[in-house]
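Participant: My questions will all concern the structure given below.
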Amino acid sequence: ENLENSWNEKMRKVLQFATSTFWAGCFAITFCDFVGAPTIIRGNSMSPTLKHGDVAFWRKSRLTFVSLFPYTPQRGDVVGVWSPTEVGVSYVKRIIGLPGDKVTARDGETYLTVPEGKIWVEGDNRESSMDSKDWGPNPRSLVRGKILFKLW
């Protein structure tokens, strides 16, 4: 009788743990898919603001069918952007120019006007940053989301 009660108690605890773990996993996946997620910074193009290995939390800017948290890019925001030249590669950059803004190209002398539907992004460490100076204005649709804060 005691052995059976002990076994039932252990099974109840295992089932309780499995249920809790399942729901925590569902919440985490849903949160990361629909709200935002941590991201690890690779490279030093955003130094000194964000350094290689830092972990930052970003809020997604859009969803496939529904926008729960609409985001309007603002000059100075640090954002995650998909590369316009390499599929599946993303960068963290600062928005320097919005549509209609005049920005300076890499040569320092040519001024460009950011076209409608695009943004100009650059790394804070401009000397070692691959950004709009290299590939031109980024389509607004390639913004993954805004970096909200550095976790560590």
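Convention: chains lettered A, B, ... in structure tokens order; per-chain residue numbering from 1; ligands numbered from 1 as shown.
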Taking the chain letters and numbering used in this document, name the residues of chain A that DSSP puts in alpha helix (DSSP H), as a short mmCIF file (atom, residue, chain, number, x, y, z; two decimals) with all heavy atoms, in the first residue's frame.
Facilitator:
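To be explicit, this is the file written out as part.cif:
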```cif
data_model
loop_
_atom_site.label_atom_id
_atom_site.label_comp_id
_atom_site.auth_asym_id
_atom_site.auth_seq_id
_atom_site.Cartn_x
_atom_site.Cartn_y
_atom_site.Cartn_z
N ASN A 2 1.87 1.35 0.89
CA ASN A 2 2.77 2.52 0.95
C ASN A 2 3.57 2.67 -0.33
O ASN A 2 3.80 3.78 -0.79
CB ASN A 2 3.72 2.39 2.14
CG ASN A 2 3.10 2.92 3.41
OD1 ASN A 2 2.05 3.57 3.35
ND2 ASN A 2 3.70 2.62 4.54
N LEU A 3 4.01 1.53 -0.88
CA LEU A 3 4.77 1.56 -2.12
C LEU A 3 3.92 2.10 -3.27
O LEU A 3 4.37 2.91 -4.08
CB LEU A 3 5.28 0.15 -2.45
CG LEU A 3 6.20 0.04 -3.65
CD1 LEU A 3 7.44 0.90 -3.45
CD2 LEU A 3 6.59 -1.40 -3.87
N GLU A 4 2.67 1.67 -3.30
CA GLU A 4 1.74 2.14 -4.34
C GLU A 4 1.46 3.63 -4.19
O GLU A 4 1.46 4.37 -5.17
CB GLU A 4 0.44 1.35 -4.27
CG GLU A 4 -0.49 1.66 -5.44
CD GLU A 4 -1.73 0.81 -5.42
OE1 GLU A 4 -1.65 -0.38 -5.06
OE2 GLU A 4 -2.79 1.36 -5.77
N ASN A 5 1.24 4.12 -2.96
CA ASN A 5 1.01 5.55 -2.71
C ASN A 5 2.24 6.37 -3.09
O ASN A 5 2.13 7.45 -3.66
CB ASN A 5 0.64 5.79 -1.25
CG ASN A 5 -0.78 5.37 -0.94
OD1 ASN A 5 -1.58 5.20 -1.86
ND2 ASN A 5 -1.09 5.19 0.33
N SER A 6 3.41 5.85 -2.75
CA SER A 6 4.66 6.55 -3.07
C SER A 6 4.82 6.65 -4.59
O SER A 6 5.20 7.70 -5.11
CB SER A 6 5.84 5.78 -2.46
OG SER A 6 7.04 6.36 -2.86
N TRP A 7 4.54 5.54 -5.30
CA TRP A 7 4.65 5.55 -6.75
C TRP A 7 3.64 6.51 -7.37
O TRP A 7 3.98 7.28 -8.28
CB TRP A 7 4.44 4.13 -7.29
CG TRP A 7 4.79 4.02 -8.73
CD1 TRP A 7 6.02 3.82 -9.27
CD2 TRP A 7 3.88 4.12 -9.83
NE1 TRP A 7 5.95 3.78 -10.63
CE2 TRP A 7 4.64 3.97 -11.02
CE3 TRP A 7 2.51 4.32 -9.94
CZ2 TRP A 7 4.07 4.00 -12.27
CZ3 TRP A 7 1.96 4.36 -11.20
CH2 TRP A 7 2.74 4.20 -12.36
N ASN A 8 2.41 6.53 -6.88
CA ASN A 8 1.37 7.45 -7.38
C ASN A 8 1.77 8.90 -7.14
O ASN A 8 1.55 9.76 -7.99
CB ASN A 8 0.02 7.17 -6.71
CG ASN A 8 -0.64 5.92 -7.26
OD1 ASN A 8 -0.30 5.46 -8.34
ND2 ASN A 8 -1.56 5.36 -6.49
N GLU A 9 2.36 9.19 -5.98
CA GLU A 9 2.81 10.55 -5.67
C GLU A 9 3.92 10.99 -6.63
O GLU A 9 3.91 12.11 -7.12
CB GLU A 9 3.29 10.61 -4.21
CG GLU A 9 3.73 11.99 -3.77
CD GLU A 9 2.63 13.03 -3.77
OE1 GLU A 9 1.43 12.68 -3.72
OE2 GLU A 9 2.97 14.23 -3.85
N LYS A 10 4.86 10.09 -6.89
CA LYS A 10 5.95 10.40 -7.82
C LYS A 10 5.41 10.65 -9.23
O LYS A 10 5.82 11.58 -9.91
CB LYS A 10 6.98 9.28 -7.85
CG LYS A 10 7.86 9.26 -6.63
CD LYS A 10 8.86 8.13 -6.70
CE LYS A 10 9.66 8.09 -5.40
NZ LYS A 10 10.59 6.98 -5.37
N MET A 11 4.48 9.83 -9.68
CA MET A 11 3.89 10.00 -11.00
C MET A 11 3.11 11.31 -11.09
O MET A 11 3.15 12.00 -12.11
CB MET A 11 2.98 8.82 -11.35
CG MET A 11 3.74 7.54 -11.66
SD MET A 11 5.00 7.77 -12.93
CE MET A 11 4.02 8.18 -14.33
N ARG A 12 2.41 11.67 -10.01
CA ARG A 12 1.67 12.94 -9.98
C ARG A 12 2.64 14.11 -10.14
O ARG A 12 2.40 15.04 -10.90
CB ARG A 12 0.88 13.06 -8.67
CG ARG A 12 -0.05 14.26 -8.64
CD ARG A 12 -0.77 14.40 -7.31
NE ARG A 12 0.11 14.69 -6.21
CZ ARG A 12 0.69 15.88 -5.98
NH1 ARG A 12 0.51 16.86 -6.82
NH2 ARG A 12 1.47 16.07 -4.95
N LYS A 13 3.79 14.04 -9.44
CA LYS A 13 4.79 15.11 -9.53
C LYS A 13 5.41 15.18 -10.92
O LYS A 13 5.63 16.26 -11.46
CB LYS A 13 5.87 14.92 -8.46
CG LYS A 13 5.40 15.26 -7.07
CD LYS A 13 6.50 15.10 -6.06
CE LYS A 13 5.98 15.44 -4.66
NZ LYS A 13 7.02 15.31 -3.65
N VAL A 14 5.69 14.02 -11.51
CA VAL A 14 6.25 13.99 -12.86
C VAL A 14 5.25 14.58 -13.86
O VAL A 14 5.61 15.39 -14.72
CB VAL A 14 6.65 12.55 -13.26
CG1 VAL A 14 6.92 12.44 -14.76
CG2 VAL A 14 7.85 12.10 -12.47
N LEU A 15 3.99 14.19 -13.73
CA LEU A 15 2.96 14.71 -14.62
C LEU A 15 2.78 16.22 -14.42
O LEU A 15 2.64 16.97 -15.39
CB LEU A 15 1.63 13.99 -14.36
CG LEU A 15 0.49 14.33 -15.31
CD1 LEU A 15 0.88 14.04 -16.75
CD2 LEU A 15 -0.75 13.54 -14.94
N GLN A 16 2.84 16.68 -13.18
CA GLN A 16 2.72 18.11 -12.88
C GLN A 16 3.89 18.88 -13.50
O GLN A 16 3.70 19.93 -14.11
CB GLN A 16 2.69 18.28 -11.36
CG GLN A 16 2.20 19.60 -10.88
CD GLN A 16 2.06 19.60 -9.36
OE1 GLN A 16 2.84 18.97 -8.64
NE2 GLN A 16 1.05 20.29 -8.87
N PHE A 17 5.11 18.33 -13.37
CA PHE A 17 6.30 18.97 -13.94
C PHE A 17 6.19 19.01 -15.47
O PHE A 17 6.47 20.03 -16.10
CB PHE A 17 7.57 18.22 -13.52
CG PHE A 17 8.81 18.76 -14.16
CD1 PHE A 17 9.38 19.93 -13.71
CD2 PHE A 17 9.39 18.10 -15.24
CE1 PHE A 17 10.53 20.44 -14.30
CE2 PHE A 17 10.53 18.60 -15.85
CZ PHE A 17 11.10 19.77 -15.37
N ALA A 18 5.78 17.90 -16.08
CA ALA A 18 5.65 17.83 -17.54
C ALA A 18 4.62 18.83 -18.05
O ALA A 18 4.83 19.52 -19.05
CB ALA A 18 5.30 16.42 -17.98
N THR A 19 3.51 18.94 -17.35
CA THR A 19 2.45 19.88 -17.74
C THR A 19 2.95 21.32 -17.63
O THR A 19 2.76 22.13 -18.54
CB THR A 19 1.20 19.68 -16.86
OG1 THR A 19 0.76 18.34 -17.00
CG2 THR A 19 0.08 20.63 -17.28
N SER A 20 3.63 21.64 -16.53
CA SER A 20 4.16 22.99 -16.34
C SER A 20 5.20 23.32 -17.41
O SER A 20 5.21 24.42 -17.96
CB SER A 20 4.80 23.12 -14.95
OG SER A 20 3.85 22.95 -13.96
N THR A 21 6.06 22.36 -17.70
CA THR A 21 7.09 22.57 -18.72
C THR A 21 6.46 22.77 -20.09
O THR A 21 6.88 23.65 -20.85
CB THR A 21 8.06 21.37 -18.75
OG1 THR A 21 8.64 21.21 -17.44
CG2 THR A 21 9.15 21.56 -19.76
N PHE A 22 5.46 21.99 -20.40
CA PHE A 22 4.75 22.13 -21.68
C PHE A 22 4.17 23.54 -21.83
O PHE A 22 4.36 24.19 -22.85
CB PHE A 22 3.64 21.08 -21.79
CG PHE A 22 2.75 21.28 -22.98
CD1 PHE A 22 3.16 20.89 -24.24
CD2 PHE A 22 1.51 21.87 -22.83
CE1 PHE A 22 2.34 21.08 -25.34
CE2 PHE A 22 0.68 22.06 -23.93
CZ PHE A 22 1.10 21.67 -25.18
N TRP A 23 3.45 24.02 -20.80
CA TRP A 23 2.81 25.33 -20.90
C TRP A 23 3.83 26.46 -20.90
O TRP A 23 3.66 27.46 -21.61
CB TRP A 23 1.77 25.53 -19.79
CG TRP A 23 0.56 24.71 -20.06
CD1 TRP A 23 0.10 23.64 -19.34
CD2 TRP A 23 -0.34 24.85 -21.17
NE1 TRP A 23 -1.02 23.11 -19.94
CE2 TRP A 23 -1.32 23.84 -21.06
CE3 TRP A 23 -0.41 25.72 -22.25
CZ2 TRP A 23 -2.35 23.68 -21.97
CZ3 TRP A 23 -1.44 25.57 -23.17
CH2 TRP A 23 -2.39 24.56 -23.02
N ALA A 24 4.93 26.30 -20.16
CA ALA A 24 5.99 27.31 -20.19
C ALA A 24 6.62 27.37 -21.58
O ALA A 24 6.90 28.46 -22.10
CB ALA A 24 7.05 27.00 -19.14
N GLY A 25 6.83 26.22 -22.20
CA GLY A 25 7.37 26.18 -23.56
C GLY A 25 6.43 26.82 -24.56
O GLY A 25 6.86 27.57 -25.44
N CYS A 26 5.14 26.52 -24.44
CA CYS A 26 4.14 27.14 -25.33
C CYS A 26 4.16 28.66 -25.19
O CYS A 26 4.12 29.40 -26.18
CB CYS A 26 2.75 26.61 -25.03
SG CYS A 26 2.50 24.91 -25.56
N PHE A 27 4.22 29.14 -23.95
CA PHE A 27 4.26 30.58 -23.71
C PHE A 27 5.52 31.20 -24.32
O PHE A 27 5.45 32.22 -25.00
CB PHE A 27 4.21 30.89 -22.21
CG PHE A 27 4.40 32.34 -21.91
CD1 PHE A 27 3.36 33.24 -22.09
CD2 PHE A 27 5.63 32.82 -21.49
CE1 PHE A 27 3.54 34.59 -21.85
CE2 PHE A 27 5.82 34.17 -21.24
CZ PHE A 27 4.77 35.05 -21.42
N ALA A 28 6.68 30.57 -24.09
CA ALA A 28 7.94 31.11 -24.60
C ALA A 28 7.94 31.18 -26.12
O ALA A 28 8.34 32.18 -26.71
CB ALA A 28 9.11 30.27 -24.10
N ILE A 29 7.48 30.12 -26.77
CA ILE A 29 7.44 30.10 -28.23
C ILE A 29 6.49 31.17 -28.76
O ILE A 29 6.82 31.92 -29.68
CB ILE A 29 7.07 28.70 -28.75
CG1 ILE A 29 8.22 27.74 -28.48
CG2 ILE A 29 6.71 28.73 -30.23
CD1 ILE A 29 7.88 26.28 -28.69
N THR A 30 5.32 31.26 -28.16
CA THR A 30 4.34 32.27 -28.58
C THR A 30 4.88 33.67 -28.37
O THR A 30 4.77 34.54 -29.24
CB THR A 30 3.01 32.08 -27.81
OG1 THR A 30 2.53 30.77 -28.07
CG2 THR A 30 1.98 33.11 -28.23
N PHE A 31 5.49 33.91 -27.22
CA PHE A 31 6.05 35.23 -26.91
C PHE A 31 7.11 35.60 -27.93
O PHE A 31 7.09 36.71 -28.49
CB PHE A 31 6.63 35.22 -25.49
CG PHE A 31 7.08 36.57 -25.03
CD1 PHE A 31 6.17 37.46 -24.48
CD2 PHE A 31 8.40 36.97 -25.16
CE1 PHE A 31 6.58 38.72 -24.06
CE2 PHE A 31 8.81 38.21 -24.74
CZ PHE A 31 7.90 39.09 -24.18
N CYS A 32 8.04 34.68 -28.20
CA CYS A 32 9.12 34.98 -29.15
C CYS A 32 8.59 35.16 -30.57
O CYS A 32 9.11 35.97 -31.33
CB CYS A 32 10.17 33.88 -29.11
SG CYS A 32 11.15 33.88 -27.60
N ASP A 33 7.55 34.42 -30.94
CA ASP A 33 6.99 34.55 -32.29
C ASP A 33 6.19 35.83 -32.49
O ASP A 33 6.19 36.41 -33.56
CB ASP A 33 6.09 33.36 -32.62
CG ASP A 33 6.87 32.15 -33.08
OD1 ASP A 33 8.08 32.28 -33.30
OD2 ASP A 33 6.26 31.08 -33.21
N PHE A 34 5.47 36.26 -31.47
CA PHE A 34 4.53 37.37 -31.64
C PHE A 34 4.96 38.68 -30.99
O PHE A 34 4.44 39.72 -31.34
CB PHE A 34 3.15 36.98 -31.11
CG PHE A 34 2.48 35.96 -31.96
CD1 PHE A 34 2.53 34.63 -31.61
CD2 PHE A 34 1.83 36.32 -33.12
CE1 PHE A 34 1.93 33.67 -32.41
CE2 PHE A 34 1.22 35.37 -33.92
CZ PHE A 34 1.28 34.04 -33.56
N SER A 132 24.10 50.85 -44.84
CA SER A 132 23.54 51.55 -46.00
C SER A 132 24.61 52.27 -46.83
O SER A 132 24.41 52.51 -48.01
CB SER A 132 22.47 52.56 -45.56
OG SER A 132 21.31 51.88 -45.14
N LYS A 133 25.74 52.59 -46.22
CA LYS A 133 26.82 53.20 -47.00
C LYS A 133 27.33 52.22 -48.06
O LYS A 133 27.86 52.63 -49.08
CB LYS A 133 27.96 53.65 -46.08
CG LYS A 133 27.58 54.80 -45.16
CD LYS A 133 28.75 55.32 -44.35
CE LYS A 133 29.52 54.35 -43.58
NZ LYS A 133 29.08 53.70 -42.40
N ASP A 134 27.16 50.93 -47.79
CA ASP A 134 27.61 49.90 -48.73
C ASP A 134 26.50 49.45 -49.68
O ASP A 134 26.75 49.18 -50.85
CB ASP A 134 28.11 48.67 -47.95
CG ASP A 134 29.27 49.02 -47.06
OD1 ASP A 134 30.34 49.35 -47.60
OD2 ASP A 134 29.11 48.99 -45.82
N TRP A 135 25.27 49.33 -49.19
CA TRP A 135 24.20 48.76 -50.02
C TRP A 135 23.08 49.75 -50.32
O TRP A 135 22.13 49.41 -51.00
CB TRP A 135 23.64 47.49 -49.42
CG TRP A 135 23.05 47.63 -48.04
CD1 TRP A 135 21.99 48.40 -47.67
CD2 TRP A 135 23.48 46.98 -46.85
NE1 TRP A 135 21.73 48.28 -46.33
CE2 TRP A 135 22.64 47.40 -45.80
CE3 TRP A 135 24.50 46.07 -46.56
CZ2 TRP A 135 22.79 46.95 -44.50
CZ3 TRP A 135 24.63 45.64 -45.25
CH2 TRP A 135 23.79 46.08 -44.25
#
```
Participant: Please, which residues of range 47-135 of chain A, numbered as in this document, come out strand (DSSP E) from DSSP, as a ChimeraX atom specification?
Facilitator: /A:55-60,78-82,90-97,102-104,111-113,118-122
Participant: Write the residues of the selection above to a file with N, CA, C and O atoms, as a compact mmCIF listing (two decimals), in the first residue's frame.
Facilitator:
```txt
# COMPACT_ATOMS: atom_id res chain seq x y z
N VAL A 55 23.88 40.57 -25.26
CA VAL A 55 22.55 40.03 -25.53
C VAL A 55 21.55 41.16 -25.37
O VAL A 55 21.52 41.84 -24.34
N ALA A 56 20.77 41.40 -26.41
CA ALA A 56 19.77 42.48 -26.39
C ALA A 56 18.40 41.89 -26.66
O ALA A 56 18.26 40.82 -27.25
N PHE A 57 17.35 42.59 -26.21
CA PHE A 57 15.98 42.16 -26.45
C PHE A 57 15.38 43.07 -27.51
O PHE A 57 15.46 44.29 -27.41
N TRP A 58 14.80 42.47 -28.53
CA TRP A 58 14.16 43.26 -29.59
C TRP A 58 12.69 42.91 -29.70
O TRP A 58 12.28 41.79 -29.45
N ARG A 59 11.93 43.93 -30.02
CA ARG A 59 10.49 43.78 -30.24
C ARG A 59 10.25 43.68 -31.74
O ARG A 59 10.71 44.51 -32.51
N LYS A 60 9.52 42.66 -32.14
CA LYS A 60 9.24 42.48 -33.57
C LYS A 60 8.41 43.64 -34.10
O LYS A 60 7.55 44.16 -33.41
N VAL A 78 17.67 51.89 -32.65
CA VAL A 78 18.53 50.76 -32.99
C VAL A 78 17.60 49.62 -33.37
O VAL A 78 16.70 49.26 -32.61
N VAL A 79 17.80 49.09 -34.57
CA VAL A 79 16.88 48.09 -35.11
C VAL A 79 17.63 46.87 -35.64
O VAL A 79 18.80 46.95 -36.00
N GLY A 80 16.91 45.77 -35.70
CA GLY A 80 17.39 44.59 -36.41
C GLY A 80 16.87 44.69 -37.83
O GLY A 80 15.69 44.98 -38.03
N VAL A 81 17.74 44.51 -38.81
CA VAL A 81 17.33 44.58 -40.22
C VAL A 81 17.86 43.36 -40.96
O VAL A 81 18.96 42.88 -40.69
N TRP A 82 17.04 42.86 -41.88
CA TRP A 82 17.51 41.81 -42.78
C TRP A 82 18.42 42.45 -43.81
O TRP A 82 18.18 43.57 -44.26
N SER A 90 21.03 38.91 -40.91
CA SER A 90 20.48 40.13 -40.33
C SER A 90 21.56 40.88 -39.57
O SER A 90 22.57 40.31 -39.18
N TYR A 91 21.33 42.16 -39.42
CA TYR A 91 22.26 43.06 -38.75
C TYR A 91 21.51 43.89 -37.72
O TYR A 91 20.30 44.06 -37.81
N VAL A 92 22.26 44.44 -36.78
CA VAL A 92 21.71 45.42 -35.85
C VAL A 92 22.37 46.75 -36.20
O VAL A 92 23.60 46.85 -36.23
N LYS A 93 21.55 47.75 -36.51
CA LYS A 93 22.05 49.06 -36.95
C LYS A 93 21.18 50.17 -36.37
O LYS A 93 20.09 49.93 -35.87
N ARG A 94 21.66 51.40 -36.49
CA ARG A 94 20.91 52.57 -36.03
C ARG A 94 20.29 53.26 -37.24
O ARG A 94 20.94 53.40 -38.28
N ILE A 95 19.04 53.70 -37.10
CA ILE A 95 18.38 54.44 -38.18
C ILE A 95 18.94 55.86 -38.20
O ILE A 95 18.84 56.59 -37.22
N ILE A 96 19.53 56.21 -39.32
CA ILE A 96 20.14 57.53 -39.50
C ILE A 96 19.23 58.43 -40.33
O ILE A 96 19.14 59.63 -40.10
N GLY A 97 18.55 57.82 -41.32
CA GLY A 97 17.72 58.63 -42.20
C GLY A 97 16.38 57.97 -42.50
O GLY A 97 16.29 56.76 -42.63
N LYS A 102 18.20 63.84 -46.18
CA LYS A 102 19.43 63.82 -46.96
C LYS A 102 20.51 63.20 -46.09
O LYS A 102 20.68 63.58 -44.94
N VAL A 103 21.22 62.22 -46.66
CA VAL A 103 22.29 61.54 -45.94
C VAL A 103 23.56 61.60 -46.76
O VAL A 103 23.52 61.76 -47.98
N THR A 104 24.69 61.45 -46.08
CA THR A 104 25.98 61.49 -46.75
C THR A 104 26.41 60.08 -47.11
O THR A 104 26.40 59.19 -46.27
N TYR A 111 25.49 63.62 -51.41
CA TYR A 111 24.31 63.60 -50.56
C TYR A 111 23.19 62.88 -51.30
O TYR A 111 22.96 63.14 -52.47
N LEU A 112 22.56 61.97 -50.61
CA LEU A 112 21.45 61.21 -51.18
C LEU A 112 20.19 61.53 -50.40
O LEU A 112 20.23 61.78 -49.21
N THR A 113 19.06 61.48 -51.09
CA THR A 113 17.77 61.62 -50.41
C THR A 113 17.18 60.23 -50.24
O THR A 113 17.09 59.47 -51.21
N LYS A 118 11.80 53.56 -47.58
CA LYS A 118 13.14 53.08 -47.24
C LYS A 118 13.67 53.84 -46.03
O LYS A 118 13.16 54.89 -45.66
N ILE A 119 14.72 53.27 -45.43
CA ILE A 119 15.42 53.93 -44.32
C ILE A 119 16.92 53.80 -44.56
O ILE A 119 17.36 52.93 -45.32
N TRP A 120 17.67 54.67 -43.93
CA TRP A 120 19.13 54.62 -44.02
C TRP A 120 19.64 54.17 -42.66
O TRP A 120 19.32 54.77 -41.64
N VAL A 121 20.40 53.06 -42.62
CA VAL A 121 20.91 52.52 -41.37
C VAL A 121 22.43 52.47 -41.40
O VAL A 121 23.04 52.23 -42.44
N GLU A 122 23.03 52.73 -40.24
CA GLU A 122 24.49 52.66 -40.12
C GLU A 122 24.83 52.11 -38.74
O GLU A 122 24.06 52.27 -37.79
```
Participant: Mind giving me the straight-line distance from CA of Gly117 in chain A to CA of Lys51 in chain A in Å, one decimal?
Facilitator: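 For CA of Gly117 in chain A relative to CA of Lys51 in chain A, the distance reads 29.4 Å.
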Participant: Using only C-alpha atoms, find the one residue out of A:Glu86, A:Asp131, A:Asp54, A:Glu116 that sits nearest to Leu98 in chain A.
Facilitator: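 For Leu98 in chain A, the nearest of the candidates is A:Glu116.
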Participant: When you count only C-alpha atoms, which of these residues is closest to Val143 in chain A: A:Pro73, A:Gly53, A:Asp124, A:Pro38?
Facilitator: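 That would be A:Pro73, the residue with the smallest distance to Val143 in chain A.
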Participant: List the spatial neighbours of Ser47 in chain A as a PDB file with all heavy atoms, in the first residue's frame - criterion: any atom at most 9 Å away, only C-alpha atoms, same-chain residues fewer than 5 positions off excluded.
Facilitator:
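As a result, around_17.pdb now contains:
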```pdb
ATOM      1  N   HIS A  52      30.244  42.896 -29.388  1.00  0.00           N
ATOM      2  CA  HIS A  52      30.194  41.483 -29.741  1.00  0.00           C
ATOM      3  C   HIS A  52      29.932  40.643 -28.487  1.00  0.00           C
ATOM      4  O   HIS A  52      30.609  40.809 -27.474  1.00  0.00           O
ATOM      5  CB  HIS A  52      31.510  41.059 -30.394  1.00  0.00           C
ATOM      6  CG  HIS A  52      31.529  39.623 -30.813  1.00  0.00           C
ATOM      7  ND1 HIS A  52      30.875  39.186 -31.934  1.00  0.00           N
ATOM      8  CD2 HIS A  52      32.094  38.535 -30.248  1.00  0.00           C
ATOM      9  CE1 HIS A  52      31.054  37.878 -32.053  1.00  0.00           C
ATOM     10  NE2 HIS A  52      31.783  37.459 -31.032  1.00  0.00           N
ATOM     11  N   GLY A 123      25.994  51.492 -38.648  1.00  0.00           N
ATOM     12  CA  GLY A 123      26.496  51.051 -37.356  1.00  0.00           C
ATOM     13  C   GLY A 123      27.111  52.225 -36.622  1.00  0.00           C
ATOM     14  O   GLY A 123      27.587  53.183 -37.240  1.00  0.00           O
ATOM     15  N   ASP A 124      27.104  52.175 -35.291  1.00  0.00           N
ATOM     16  CA  ASP A 124      27.719  53.246 -34.507  1.00  0.00           C
ATOM     17  C   ASP A 124      29.229  53.297 -34.734  1.00  0.00           C
ATOM     18  O   ASP A 124      29.833  54.360 -34.673  1.00  0.00           O
ATOM     19  CB  ASP A 124      27.425  53.059 -33.012  1.00  0.00           C
ATOM     20  CG  ASP A 124      25.973  53.378 -32.677  1.00  0.00           C
ATOM     21  OD1 ASP A 124      25.224  53.828 -33.571  1.00  0.00           O
ATOM     22  OD2 ASP A 124      25.583  53.174 -31.509  1.00  0.00           O
ATOM     23  N   ASN A 125      29.848  52.162 -34.983  1.00  0.00           N
ATOM     24  CA  ASN A 125      31.275  52.081 -35.280  1.00  0.00           C
ATOM     25  C   ASN A 125      31.407  52.143 -36.802  1.00  0.00           C
ATOM     26  O   ASN A 125      31.601  51.142 -37.474  1.00  0.00           O
ATOM     27  CB  ASN A 125      31.847  50.779 -34.706  1.00  0.00           C
ATOM     28  CG  ASN A 125      33.334  50.669 -34.886  1.00  0.00           C
ATOM     29  OD1 ASN A 125      33.985  51.544 -35.436  1.00  0.00           O
ATOM     30  ND2 ASN A 125      33.888  49.570 -34.420  1.00  0.00           N
TER      31      ASN A 125
END
```
Participant: Between CA of Val87 in chain A and CA of Thr39 in chain A, what is the spacing in Å?
Facilitator: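 Straight-line distance from CA of Thr39 in chain A to CA of Val87 in chain A works out to 18.1 Å.
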Participant: What gap, in Å, lies between CA of Asn44 in chain A and CA of Gln74 in chain A?
Facilitator: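 One can read the CA of Asn44 in chain A to CA of Gln74 in chain A distance as 22.6 Å.
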